[in-house]
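Shown next: my_file35.cif, given as mmCIF, C-alpha atoms.
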data_query
loop_
_atom_site.label_atom_id
_atom_site.label_comp_id
_atom_site.auth_asym_id
_atom_site.auth_seq_id
_atom_site.Cartn_x
_atom_site.Cartn_y
_atom_site.Cartn_z
CA MET B 280 6.34 1.17 -21.87
CA SER B 281 5.99 2.33 -18.28
CA SER B 282 9.53 3.68 -18.18
CA THR B 283 8.83 5.94 -21.15
CA ASN B 284 5.81 7.28 -19.35
CA THR B 285 7.73 8.02 -16.19
CA GLU B 286 10.45 9.72 -18.20
CA ASN B 287 7.82 11.97 -19.73
CA TRP B 288 6.45 12.82 -16.30
CA MET B 289 9.95 13.51 -15.12
CA LYS B 290 10.64 15.83 -18.03
CA ASP B 291 7.35 17.54 -17.29
CA ILE B 292 8.36 18.45 -13.80
CA GLY B 293 11.96 19.09 -14.76
CA VAL B 294 13.56 16.42 -12.64
CA LEU B 295 14.57 13.86 -15.20
CA ASP B 296 17.50 12.05 -13.72
CA LEU B 297 19.56 9.89 -15.99
CA THR B 298 22.19 8.83 -13.51
CA GLY B 299 22.53 5.18 -12.70
CA VAL B 300 21.88 4.20 -16.28
CA GLY B 301 25.30 3.33 -17.68
CA GLY B 302 26.96 5.85 -15.40
CA GLY B 303 27.85 9.44 -15.96
CA SER B 304 25.17 12.04 -15.62
CA THR B 305 24.71 14.59 -18.32
CA SER B 306 21.50 15.77 -16.72
CA ALA B 307 21.50 18.97 -14.76
CA ALA B 308 18.73 17.69 -12.51
CA LYS B 309 19.70 17.00 -8.96
CA LYS B 310 19.23 13.54 -7.56
CA ILE B 311 16.15 13.47 -5.39
CA THR B 312 16.12 11.51 -2.15
CA ALA B 313 13.09 10.21 -0.30
CA LEU B 314 12.13 8.54 2.93
CA VAL B 315 9.22 6.10 3.18
CA VAL B 316 7.70 5.96 6.65
CA ASP B 317 5.20 3.10 6.90
CA ASP B 318 4.72 0.14 9.20
CA ASP B 319 3.20 -2.11 6.55
CA SER B 320 5.70 -4.16 4.56
CA VAL B 321 3.45 -4.37 1.50
CA ASN B 322 3.20 -0.59 1.35
CA GLN B 323 6.90 -0.19 2.05
CA THR B 324 7.75 -2.38 -0.93
CA ILE B 325 5.31 -0.70 -3.28
CA HIS B 326 6.15 2.87 -2.34
CA SER B 327 9.87 2.17 -2.50
CA LYS B 328 9.57 0.62 -5.96
CA MET B 329 7.48 3.53 -7.21
CA LEU B 330 10.15 5.94 -6.07
CA GLU B 331 12.90 3.76 -7.49
CA ASN B 332 11.17 3.63 -10.88
CA LEU B 333 11.09 7.42 -10.89
CA GLY B 334 14.82 7.44 -10.30
CA ILE B 335 14.47 8.55 -6.68
CA GLN B 336 16.90 7.16 -4.16
CA ASN B 337 14.95 6.11 -1.12
CA GLN B 338 15.09 4.61 2.33
CA VAL B 339 12.39 2.89 4.31
CA VAL B 340 11.61 3.03 8.04
CA ARG B 341 8.82 1.42 10.01
CA ASN B 342 7.52 4.18 12.22
CA GLY B 343 7.70 7.86 13.12
CA LYS B 344 10.38 7.38 15.74
CA GLU B 345 12.77 5.73 13.27
CA ALA B 346 12.16 8.66 10.92
CA VAL B 347 12.95 11.16 13.64
CA ASP B 348 16.05 9.24 14.71
CA LEU B 349 17.33 9.19 11.14
CA HIS B 350 17.08 12.95 11.00
CA SER B 351 18.64 13.35 14.43
CA SER B 352 21.69 11.53 13.19
CA GLY B 353 22.09 14.03 10.40
CA ASN B 354 20.21 12.49 7.47
CA ASN B 355 18.07 14.60 5.24
CA PHE B 356 15.66 13.89 2.42
CA ASP B 357 13.93 15.95 -0.23
CA LEU B 358 10.70 14.07 0.21
CA ILE B 359 9.12 12.16 3.07
CA LEU B 360 6.13 9.88 2.51
CA MET B 361 4.51 9.72 5.92
CA ASP B 362 1.94 7.11 6.87
CA MET B 363 -0.59 8.05 9.55
CA ASP B 364 -1.17 4.99 11.68
CA MET B 365 2.05 3.53 12.96
CA PRO B 366 3.15 2.00 16.23
CA VAL B 367 5.63 3.72 18.59
CA MET B 368 5.17 7.15 16.97
CA ASN B 369 2.43 7.92 14.47
CA GLY B 370 2.48 10.25 11.47
CA ILE B 371 1.05 13.25 13.26
CA GLU B 372 3.59 13.15 16.08
CA ALA B 373 6.46 12.43 13.74
CA THR B 374 5.62 15.28 11.37
CA ARG B 375 5.29 17.67 14.28
CA LYS B 376 8.60 16.56 15.70
CA LEU B 377 10.40 16.84 12.37
CA ARG B 378 9.09 20.36 11.82
CA GLU B 379 10.18 21.29 15.34
CA MET B 380 13.62 19.99 14.45
CA GLY B 381 13.66 22.37 11.52
CA VAL B 382 13.21 19.77 8.81
CA ARG B 383 12.05 21.53 5.68
CA SER B 384 11.60 18.56 3.38
CA ILE B 385 8.35 18.05 1.55
CA ILE B 386 6.33 15.85 3.87
CA ALA B 387 3.42 14.15 2.16
CA GLY B 388 0.91 12.41 4.37
CA VAL B 389 -0.19 9.13 2.86
CA SER B 390 -3.08 7.51 4.59
CA THR B 391 -6.04 5.24 4.10
CA CYS B 392 -9.30 7.13 3.81
CA THR B 393 -9.98 8.15 7.33
CA ARG B 394 -13.55 8.61 8.38
CA ASP B 395 -12.21 10.91 11.03
CA GLU B 396 -12.01 14.36 9.44
CA ARG B 397 -10.65 15.85 12.60
CA GLU B 398 -7.73 13.45 12.51
CA GLN B 399 -6.99 14.26 8.89
CA LYS B 400 -7.07 17.98 9.71
CA GLU B 401 -4.73 17.39 12.61
CA PHE B 402 -2.41 15.49 10.30
CA MET B 403 -2.35 18.37 7.80
CA GLU B 404 -1.81 20.87 10.57
CA SER B 405 1.09 18.94 12.03
CA GLY B 406 3.12 20.26 9.11
CA LEU B 407 2.26 18.39 5.94
CA ASP B 408 2.85 19.90 2.53
CA ASP B 409 0.49 17.49 0.84
CA PHE B 410 -1.86 14.66 1.54
CA GLN B 411 -2.66 11.69 -0.64
CA GLU B 412 -5.15 8.95 0.04
CA LYS B 413 -3.90 5.42 -0.04
CA PRO B 414 -3.37 3.38 -2.05
CA LEU B 415 -0.56 5.39 -3.52
CA THR B 416 -0.22 5.32 -7.28
CA THR B 417 2.53 6.61 -9.53
CA PRO B 418 0.36 9.53 -10.75
CA LYS B 419 -0.33 10.54 -7.13
CA LEU B 420 3.36 10.36 -6.41
CA VAL B 421 4.15 12.52 -9.42
CA SER B 422 1.68 15.15 -8.22
CA ILE B 423 3.55 15.22 -4.89
CA LEU B 424 6.79 15.68 -6.79
CA HIS B 425 5.37 18.74 -8.53
CA LYS B 426 5.35 20.35 -5.09
CA LEU B 427 8.98 19.48 -4.67
CA ASN B 428 9.89 21.19 -7.89
CA LYS B 429 8.03 24.31 -6.83
CA LYS B 430 9.77 24.41 -3.49
CA CYS B 431 13.16 24.10 -5.16
CA MET F 213 3.18 -21.46 -31.38
CA ASP F 214 -0.36 -22.59 -30.79
CA GLY F 215 0.38 -23.45 -27.17
CA VAL F 216 1.70 -19.97 -26.40
CA ALA F 217 -1.24 -18.22 -28.05
CA GLN F 218 -3.61 -20.42 -26.11
CA LEU F 219 -1.89 -19.70 -22.82
CA GLN F 220 -1.84 -15.99 -23.57
CA LYS F 221 -5.55 -16.04 -24.24
CA GLN F 222 -6.11 -18.03 -21.06
CA LEU F 223 -4.14 -15.46 -19.11
CA VAL F 224 -5.95 -12.48 -20.58
CA ASP F 225 -9.37 -14.07 -20.10
CA PHE F 226 -8.62 -15.10 -16.55
CA THR F 227 -7.22 -11.71 -15.62
CA ASP F 228 -10.24 -9.98 -17.15
CA SER F 229 -12.58 -12.16 -15.13
CA LEU F 230 -10.79 -11.23 -11.91
CA PHE F 231 -11.37 -7.57 -12.60
CA GLN F 232 -14.94 -8.10 -13.71
CA GLU F 233 -15.80 -10.11 -10.62
CA GLY F 234 -14.29 -7.42 -8.43
CA PHE F 235 -11.50 -9.56 -7.03
CA LEU F 236 -8.95 -7.08 -8.31
CA ASP F 237 -9.11 -3.38 -9.06
CA GLU F 238 -7.04 -0.69 -10.78
CA GLN F 239 -4.44 -0.78 -8.04
CA PHE F 240 -3.34 -4.21 -9.24
CA ASN F 241 -2.63 -2.62 -12.63
CA GLN F 242 -0.44 -0.10 -10.87
CA LEU F 243 1.55 -2.97 -9.42
CA GLN F 244 1.95 -4.62 -12.79
CA GLN F 245 3.21 -1.36 -14.24
CA LEU F 246 5.92 -1.22 -11.61
CA GLN F 247 7.27 -4.55 -12.82
CA ASP F 248 10.03 -4.36 -15.40
CA GLU F 249 12.99 -6.31 -16.75
CA SER F 250 15.15 -5.31 -13.80
CA ASN F 251 12.51 -6.61 -11.43
CA PRO F 252 10.51 -9.25 -13.31
CA ASP F 253 9.04 -10.86 -10.19
CA PHE F 254 7.89 -7.70 -8.48
CA VAL F 255 4.19 -8.50 -8.50
CA VAL F 256 4.73 -12.03 -7.20
CA GLU F 257 7.03 -10.66 -4.47
CA VAL F 258 4.58 -8.03 -3.29
CA VAL F 259 1.65 -10.41 -3.38
CA SER F 260 3.67 -12.99 -1.41
CA LEU F 261 4.36 -10.34 1.20
CA PHE F 262 0.66 -9.64 1.28
CA PHE F 263 -0.10 -13.33 1.83
CA GLU F 264 2.38 -13.52 4.70
CA ASP F 265 1.05 -10.37 6.36
CA SER F 266 -2.54 -11.45 5.86
CA GLU F 267 -2.04 -14.81 7.44
CA ARG F 268 -0.43 -13.19 10.44
CA LEU F 269 -3.24 -10.63 10.72
CA LEU F 270 -5.93 -13.29 10.44
CA ASN F 271 -4.28 -15.25 13.25
CA GLU F 272 -4.10 -12.14 15.40
CA LEU F 273 -7.74 -11.40 14.69
CA ALA F 274 -8.83 -14.91 15.58
CA LYS F 275 -6.85 -14.71 18.83
CA ALA F 276 -8.27 -11.29 19.69
CA LEU F 277 -11.79 -12.57 19.19
CA GLU F 278 -11.18 -15.59 21.40
CA GLN F 279 -10.51 -13.44 24.44
CA LYS F 280 -13.10 -13.39 27.21
CA THR F 281 -13.36 -9.64 26.92
CA ILE F 282 -12.75 -8.57 23.35
CA ASP F 283 -10.46 -5.60 22.91
CA PHE F 284 -12.29 -3.98 20.03
CA ARG F 285 -9.67 -1.32 19.52
CA LYS F 286 -7.13 -4.05 18.88
CA VAL F 287 -9.51 -5.81 16.51
CA ASP F 288 -10.12 -2.53 14.72
CA ALA F 289 -6.41 -1.86 14.39
CA HIS F 290 -5.82 -5.27 12.80
CA VAL F 291 -8.73 -4.89 10.40
CA HIS F 292 -7.53 -1.38 9.52
CA GLN F 293 -4.14 -2.78 8.65
CA PHE F 294 -5.65 -5.57 6.60
CA LYS F 295 -7.81 -3.07 4.77
CA GLY F 296 -4.73 -1.01 4.02
CA SER F 297 -2.61 -3.79 2.63
CA SER F 298 -5.43 -5.34 0.63
CA SER F 299 -6.20 -1.98 -0.97
CA SER F 300 -2.51 -1.54 -1.77
CA ILE F 301 -2.43 -4.63 -3.93
CA GLY F 302 -5.89 -4.09 -5.36
CA ALA F 303 -7.69 -6.90 -3.55
CA GLN F 304 -10.98 -5.07 -3.76
CA ARG F 305 -13.35 -7.63 -2.27
CA VAL F 306 -11.12 -8.18 0.74
CA GLN F 307 -10.93 -4.44 1.23
CA LYS F 308 -14.73 -4.19 1.12
CA VAL F 309 -15.34 -6.82 3.80
CA CYS F 310 -12.70 -5.14 5.95
CA ILE F 311 -14.59 -1.88 5.68
CA ALA F 312 -17.82 -3.66 6.67
CA PHE F 313 -16.01 -5.28 9.59
CA ARG F 314 -14.70 -1.92 10.78
CA ASN F 315 -18.10 -0.31 10.56
CA TYR F 316 -19.31 -3.03 12.83
CA CYS F 317 -16.46 -2.44 15.26
CA GLU F 318 -17.31 1.24 15.29
CA GLU F 319 -20.90 0.44 16.18
CA GLN F 320 -19.54 -1.60 19.02
CA ASN F 321 -18.16 1.46 20.73
CA ILE F 322 -21.44 3.28 20.67
CA GLU F 323 -23.94 0.59 21.44
CA GLY F 324 -22.16 -1.54 23.97
CA VAL F 325 -21.55 -5.26 23.92
CA LYS F 326 -22.90 -7.31 21.04
CA PRO F 327 -22.78 -11.07 20.76
CA TRP F 328 -19.25 -12.19 19.94
CA HIS F 329 -20.51 -14.53 17.28
CA ARG F 330 -21.37 -11.57 15.11
CA CYS F 331 -17.75 -10.56 15.21
CA LEU F 332 -16.74 -14.06 14.28
CA LYS F 333 -19.06 -13.91 11.30
CA CYS F 334 -17.25 -10.78 10.11
CA LEU F 335 -13.97 -12.57 10.49
CA GLN F 336 -15.29 -15.52 8.53
CA GLN F 337 -16.24 -13.19 5.68
CA VAL F 338 -12.78 -11.70 5.63
CA LYS F 339 -11.18 -15.14 5.72
CA LEU F 340 -13.38 -16.30 2.88
CA GLU F 341 -12.66 -13.35 0.61
CA TYR F 342 -8.99 -13.61 1.41
CA SER F 343 -8.78 -17.28 0.52
CA LEU F 344 -10.74 -16.65 -2.68
CA VAL F 345 -8.39 -13.93 -3.87
CA LYS F 346 -5.36 -15.93 -2.77
CA ASN F 347 -6.54 -18.83 -4.86
CA LYS F 348 -7.22 -16.59 -7.85
CA LEU F 349 -3.83 -14.91 -7.66
CA GLU F 350 -2.02 -18.22 -7.30
CA THR F 351 -3.80 -19.47 -10.39
CA LEU F 352 -2.88 -16.27 -12.23
CA PHE F 353 0.78 -16.69 -11.38
CA LYS F 354 0.67 -20.32 -12.41
CA ILE F 355 -0.64 -19.47 -15.86
CA GLU F 356 2.01 -16.75 -16.20
CA LYS F 357 4.70 -19.24 -15.31
CA GLN F 358 3.40 -21.76 -17.84
CA LEU F 359 3.29 -19.06 -20.49
CA ILE F 360 6.87 -18.04 -19.86
CA ALA F 361 8.02 -21.66 -19.75
CA ALA F 362 6.37 -22.20 -23.13
CA GLY F 363 8.47 -19.36 -24.50
CA GLY F 364 5.78 -16.72 -24.47
CA SER F 365 5.71 -13.35 -22.80
CA ILE F 366 3.09 -11.77 -20.59
CA PRO F 367 0.87 -9.48 -22.67
CA THR F 368 0.81 -5.90 -21.34
#
Kindly present the structure from the file in structure tokens form.
Amino acid sequence: MSSTNTENWMKDIGVLDLTGVGGGSTSAAKKITALVVDDDSVNQTIHSKMLENLGIQNQVVRNGKEAVDLHSSGNNFDLILMDMDMPVMNGIEATRKLREMGVRSIIAGVSTCTRDEREQKEFMESGLDDFQEKPLTTPKLVSILHKLNKKC
Amino acid sequence: MDGVAQLQKQLVDFTDSLFQEGFLDEQFNQLQQLQDESNPDFVVEVVSLFFEDSERLLNELAKALEQKTIDFRKVDAHVHQFKGSSSSIGAQRVQKVCIAFRNYCEEQNIEGVKPWHRCLKCLQQVKLEYSLVKNKLETLFKIEKQLIAAGGSIPT
């Protein structure tokens, strides 16, 4: 039942991707790629599965530095789900760095409700296109994807 | 098929009680929706990850609180992480005690040193709620297993 729902959402935002199901794509939609940046393995697993279920190819890294390094070595993604609190390099620094590098992907900040408004503002200002409060749900993810469609 | 029907009812009733008693919230439903035929053990896998992480975090917390001078920023960071992962799987009561714990840690910064046994009490609360939800989830998975073994399927 859930797959029918996601297909409807996908059609809604015009990114229904039928590749990977029995091979051969007749869909004109391009295959979306995403990067999950989060130090928590539970979140990594959940976010990755959500993306997978929406037909979005995705990779997972554990902190901002790994995200930056991936881009430095020439990788690019349509969407980046960026956690705030991470060791080595946090979400604010990483977003800033990626924007400095000229990365124009949709970067969505995903963070637990922070009681620090200033920090959330700083996060937005570091270059986010969107912000969603954790825990992430499929509907929240779909609303982020709407942004992607607009940008395209 | 009396056995299957009975198990199904048991599962539904038990699951309902978990939501009613606040052990689980809507986020757990989200997890269940992510499970499908290509990944039939997704919920169990994620929850197992949560158990592993939690046990590690609880150990770290206990260690941090045993120090002569408590590093409250470290404690806060651990609790923050625990709050995050518990909210991700929908373990609502665990999340709530984590929030209470963090509020206490915040106070710490403003008012100076408080007796360490208050901190330990917070930790005890977190441990308690964690072991309660762990128990509940393990029971839930057990019933699901029995249902499947009896030839039934998990009601959606």
With a cut-off of 7 Å and counting all atoms listed in the file, select all residues of chain F in contact with chain B and give the selection as a PyMOL selection string. chain F and resi 242+245-246+258+261-262+296-297+299-300
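We find CA of Lys339 (chain F) and CA of Asn241 (chain F) to be spaced 23.8 Å apart.
CA of Ser365 (chain F) is positioned 25.3 Å from CA of Phe263 (chain F).
With distances taken over all atoms listed in the file, B:Ile385 is the one residue among B:Ile385, B:Gly343, B:Leu420, B:Asp395 lying closest to Leu407 (chain B).
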Quick one: apply the PyMOL selection byres ((chain B and resi 338) around 9) to the file and drop the selected residues here as a count of residues only. 10
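The gap separating CA of Asp288 (chain F) from CA of Ala346 (chain B) is 25.2 Å, in Å to one decimal.
Here the question is which of F:Asp214, F:His329, F:Gly363, F:Ile355 gets nearest to Glu278 (chain F) using all atoms listed in the file, and that residue is F:His329.
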Decode the PyMOL selection byres ((chain B and resi 372) around 12) for the given file into explicit residues and return them as a ChimeraX atom specification. /B:342-344,346-347,361-371,373-379,398,401-407
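Using only C-alpha atoms, the protein and nucleic acid residues lying at most 10 Å from the point (-11.4, -12.8, 9.9) are Ser266, Glu267, Leu269, Leu270, Asn271, Glu272, Leu273, Ala274, Leu277, Val287, His290, Val291, Phe294, Val309, Cys310, Phe313, Cys331, Leu332, Lys333, Cys334, Leu335, Gln336, Gln337, Val338, Lys339, Leu340, Glu341 and Tyr342 of chain F.
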So that I can see what lies close to Ile366 (chain F), please list as a list in words the residues with an atom at most 9 Å from it, counting all atoms listed in the file and leaving out residues fewer than 5 positions away in the same chain. Gln220, Leu223, Glu356, Leu359 and Ile360 of chain F
Could you list, as a PyMOL selection string, every residue matched by the PyMOL selection byres ((chain F and resi 226) around 12) in this structure? chain F and resi 219-225+227-233+235-236+348-356
Tell me, as a compact mmCIF listing (two decimals) with C-alpha atoms, in the coordinates of the input, which residues lie within 9 Å of Ala387 (chain B), counting all atoms listed in the file; anything in the same chain fewer than 3 positions away does not count.
# COMPACT_ATOMS: atom_id res chain seq x y z
CA LEU B 358 10.70 14.07 0.21
CA ILE B 359 9.12 12.16 3.07
CA LEU B 360 6.13 9.88 2.51
CA MET B 361 4.51 9.72 5.92
CA ASP B 362 1.94 7.11 6.87
CA LEU B 407 2.26 18.39 5.94
CA ASP B 408 2.85 19.90 2.53
CA ASP B 409 0.49 17.49 0.84
CA PHE B 410 -1.86 14.66 1.54
CA GLN B 411 -2.66 11.69 -0.64
CA ILE B 423 3.55 15.22 -4.89
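Among the candidates F:Gly234, F:Gly364, F:Gln293, F:Thr281, the one nearest to Arg268 (chain F) when counting all atoms listed in the file is F:Gln293.
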Using only C-alpha atoms, pick whichever of F:Lys295, F:Gln247, F:Gln279, F:Gly215 has the shortest atom-to-atom distance to Lys308 (chain F). F:Lys295
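In this comparison, which uses only C-alpha atoms, the residue of F:Ala289, F:Val259, F:Lys275, F:Ala312 approaching Asn347 (chain F) most closely is F:Val259.
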Might I get the box with edges along x, y and z of the file that holds all atoms of region 310-314 of chain F listed there, padded by 3 Å on every side, given as centre and edge lengths in Å to one decimal, as AutoDock Vina command-line options?
--center_x -15.3 --center_y -3.6 --center_z 8.2 --size_x 11.1 --size_y 9.4 --size_z 11.1
Just add N, CA, C and O atoms to region 325-344 of chain F and send it as a PDB file, in the frame of the given file.
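Okay, out_34.pdb is ready:
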ATOM      1  N   VAL F 325     -21.947  -3.901  24.290  1.00  0.00           N
ATOM      2  CA  VAL F 325     -21.550  -5.260  23.920  1.00  0.00           C
ATOM      3  C   VAL F 325     -22.561  -5.957  23.013  1.00  0.00           C
ATOM      4  O   VAL F 325     -23.748  -5.975  23.289  1.00  0.00           O
ATOM      5  N   LYS F 326     -22.048  -6.504  21.909  1.00  0.00           N
ATOM      6  CA  LYS F 326     -22.900  -7.310  21.040  1.00  0.00           C
ATOM      7  C   LYS F 326     -22.389  -8.749  21.104  1.00  0.00           C
ATOM      8  O   LYS F 326     -21.272  -8.992  21.491  1.00  0.00           O
ATOM      9  N   PRO F 327     -23.218  -9.672  20.682  1.00  0.00           N
ATOM     10  CA  PRO F 327     -22.780 -11.070  20.760  1.00  0.00           C
ATOM     11  C   PRO F 327     -21.495 -11.289  19.978  1.00  0.00           C
ATOM     12  O   PRO F 327     -21.371 -10.853  18.838  1.00  0.00           O
ATOM     13  N   TRP F 328     -20.559 -12.011  20.577  1.00  0.00           N
ATOM     14  CA  TRP F 328     -19.250 -12.190  19.940  1.00  0.00           C
ATOM     15  C   TRP F 328     -19.342 -12.984  18.646  1.00  0.00           C
ATOM     16  O   TRP F 328     -18.478 -12.908  17.791  1.00  0.00           O
ATOM     17  N   HIS F 329     -20.446 -13.735  18.503  1.00  0.00           N
ATOM     18  CA  HIS F 329     -20.510 -14.530  17.280  1.00  0.00           C
ATOM     19  C   HIS F 329     -20.737 -13.677  16.044  1.00  0.00           C
ATOM     20  O   HIS F 329     -20.436 -14.082  14.939  1.00  0.00           O
ATOM     21  N   ARG F 330     -21.242 -12.465  16.266  1.00  0.00           N
ATOM     22  CA  ARG F 330     -21.370 -11.570  15.110  1.00  0.00           C
ATOM     23  C   ARG F 330     -19.995 -11.135  14.619  1.00  0.00           C
ATOM     24  O   ARG F 330     -19.752 -11.000  13.436  1.00  0.00           O
ATOM     25  N   CYS F 331     -19.122 -10.923  15.554  1.00  0.00           N
ATOM     26  CA  CYS F 331     -17.750 -10.560  15.210  1.00  0.00           C
ATOM     27  C   CYS F 331     -17.094 -11.690  14.448  1.00  0.00           C
ATOM     28  O   CYS F 331     -16.386 -11.473  13.469  1.00  0.00           O
ATOM     29  N   LEU F 332     -17.331 -12.901  14.935  1.00  0.00           N
ATOM     30  CA  LEU F 332     -16.740 -14.060  14.280  1.00  0.00           C
ATOM     31  C   LEU F 332     -17.241 -14.190  12.853  1.00  0.00           C
ATOM     32  O   LEU F 332     -16.515 -14.585  11.953  1.00  0.00           O
ATOM     33  N   LYS F 333     -18.488 -13.842  12.651  1.00  0.00           N
ATOM     34  CA  LYS F 333     -19.060 -13.910  11.300  1.00  0.00           C
ATOM     35  C   LYS F 333     -18.309 -12.954  10.388  1.00  0.00           C
ATOM     36  O   LYS F 333     -17.989 -13.283   9.249  1.00  0.00           O
ATOM     37  N   CYS F 334     -18.025 -11.751  10.891  1.00  0.00           N
ATOM     38  CA  CYS F 334     -17.250 -10.780  10.110  1.00  0.00           C
ATOM     39  C   CYS F 334     -15.899 -11.359   9.739  1.00  0.00           C
ATOM     40  O   CYS F 334     -15.448 -11.242   8.594  1.00  0.00           O
ATOM     41  N   LEU F 335     -15.287 -11.987  10.723  1.00  0.00           N
ATOM     42  CA  LEU F 335     -13.970 -12.570  10.490  1.00  0.00           C
ATOM     43  C   LEU F 335     -14.049 -13.670   9.433  1.00  0.00           C
ATOM     44  O   LEU F 335     -13.188 -13.773   8.559  1.00  0.00           O
ATOM     45  N   GLN F 336     -15.106 -14.455   9.515  1.00  0.00           N
ATOM     46  CA  GLN F 336     -15.290 -15.520   8.530  1.00  0.00           C
ATOM     47  C   GLN F 336     -15.387 -14.960   7.121  1.00  0.00           C
ATOM     48  O   GLN F 336     -14.821 -15.512   6.181  1.00  0.00           O
ATOM     49  N   GLN F 337     -16.120 -13.842   6.982  1.00  0.00           N
ATOM     50  CA  GLN F 337     -16.240 -13.190   5.680  1.00  0.00           C
ATOM     51  C   GLN F 337     -14.878 -12.784   5.149  1.00  0.00           C
ATOM     52  O   GLN F 337     -14.549 -13.007   3.977  1.00  0.00           O
ATOM     53  N   VAL F 338     -14.105 -12.155   6.029  1.00  0.00           N
ATOM     54  CA  VAL F 338     -12.780 -11.700   5.630  1.00  0.00           C
ATOM     55  C   VAL F 338     -11.913 -12.882   5.221  1.00  0.00           C
ATOM     56  O   VAL F 338     -11.239 -12.859   4.189  1.00  0.00           O
ATOM     57  N   LYS F 339     -11.967 -13.943   6.024  1.00  0.00           N
ATOM     58  CA  LYS F 339     -11.180 -15.140   5.720  1.00  0.00           C
ATOM     59  C   LYS F 339     -11.576 -15.702   4.361  1.00  0.00           C
ATOM     60  O   LYS F 339     -10.722 -16.103   3.569  1.00  0.00           O
ATOM     61  N   LEU F 340     -12.875 -15.747   4.126  1.00  0.00           N
ATOM     62  CA  LEU F 340     -13.380 -16.300   2.880  1.00  0.00           C
ATOM     63  C   LEU F 340     -12.876 -15.506   1.680  1.00  0.00           C
ATOM     64  O   LEU F 340     -12.315 -16.057   0.744  1.00  0.00           O
ATOM     65  N   GLU F 341     -13.081 -14.183   1.740  1.00  0.00           N
ATOM     66  CA  GLU F 341     -12.660 -13.350   0.610  1.00  0.00           C
ATOM     67  C   GLU F 341     -11.149 -13.433   0.408  1.00  0.00           C
ATOM     68  O   GLU F 341     -10.660 -13.433  -0.717  1.00  0.00           O
ATOM     69  N   TYR F 342     -10.440 -13.506   1.515  1.00  0.00           N
ATOM     70  CA  TYR F 342      -8.990 -13.610   1.410  1.00  0.00           C
ATOM     71  C   TYR F 342      -8.590 -14.905   0.710  1.00  0.00           C
ATOM     72  O   TYR F 342      -7.768 -14.903  -0.203  1.00  0.00           O
ATOM     73  N   SER F 343      -9.186 -16.020   1.134  1.00  0.00           N
ATOM     74  CA  SER F 343      -8.780 -17.280   0.520  1.00  0.00           C
ATOM     75  C   SER F 343      -9.208 -17.355  -0.935  1.00  0.00           C
ATOM     76  O   SER F 343      -8.522 -17.942  -1.763  1.00  0.00           O
ATOM     77  N   LEU F 344     -10.319 -16.687  -1.274  1.00  0.00           N
ATOM     78  CA  LEU F 344     -10.740 -16.650  -2.680  1.00  0.00           C
ATOM     79  C   LEU F 344      -9.705 -15.920  -3.531  1.00  0.00           C
ATOM     80  O   LEU F 344      -9.276 -16.414  -4.568  1.00  0.00           O
TER      81      LEU F 344
END
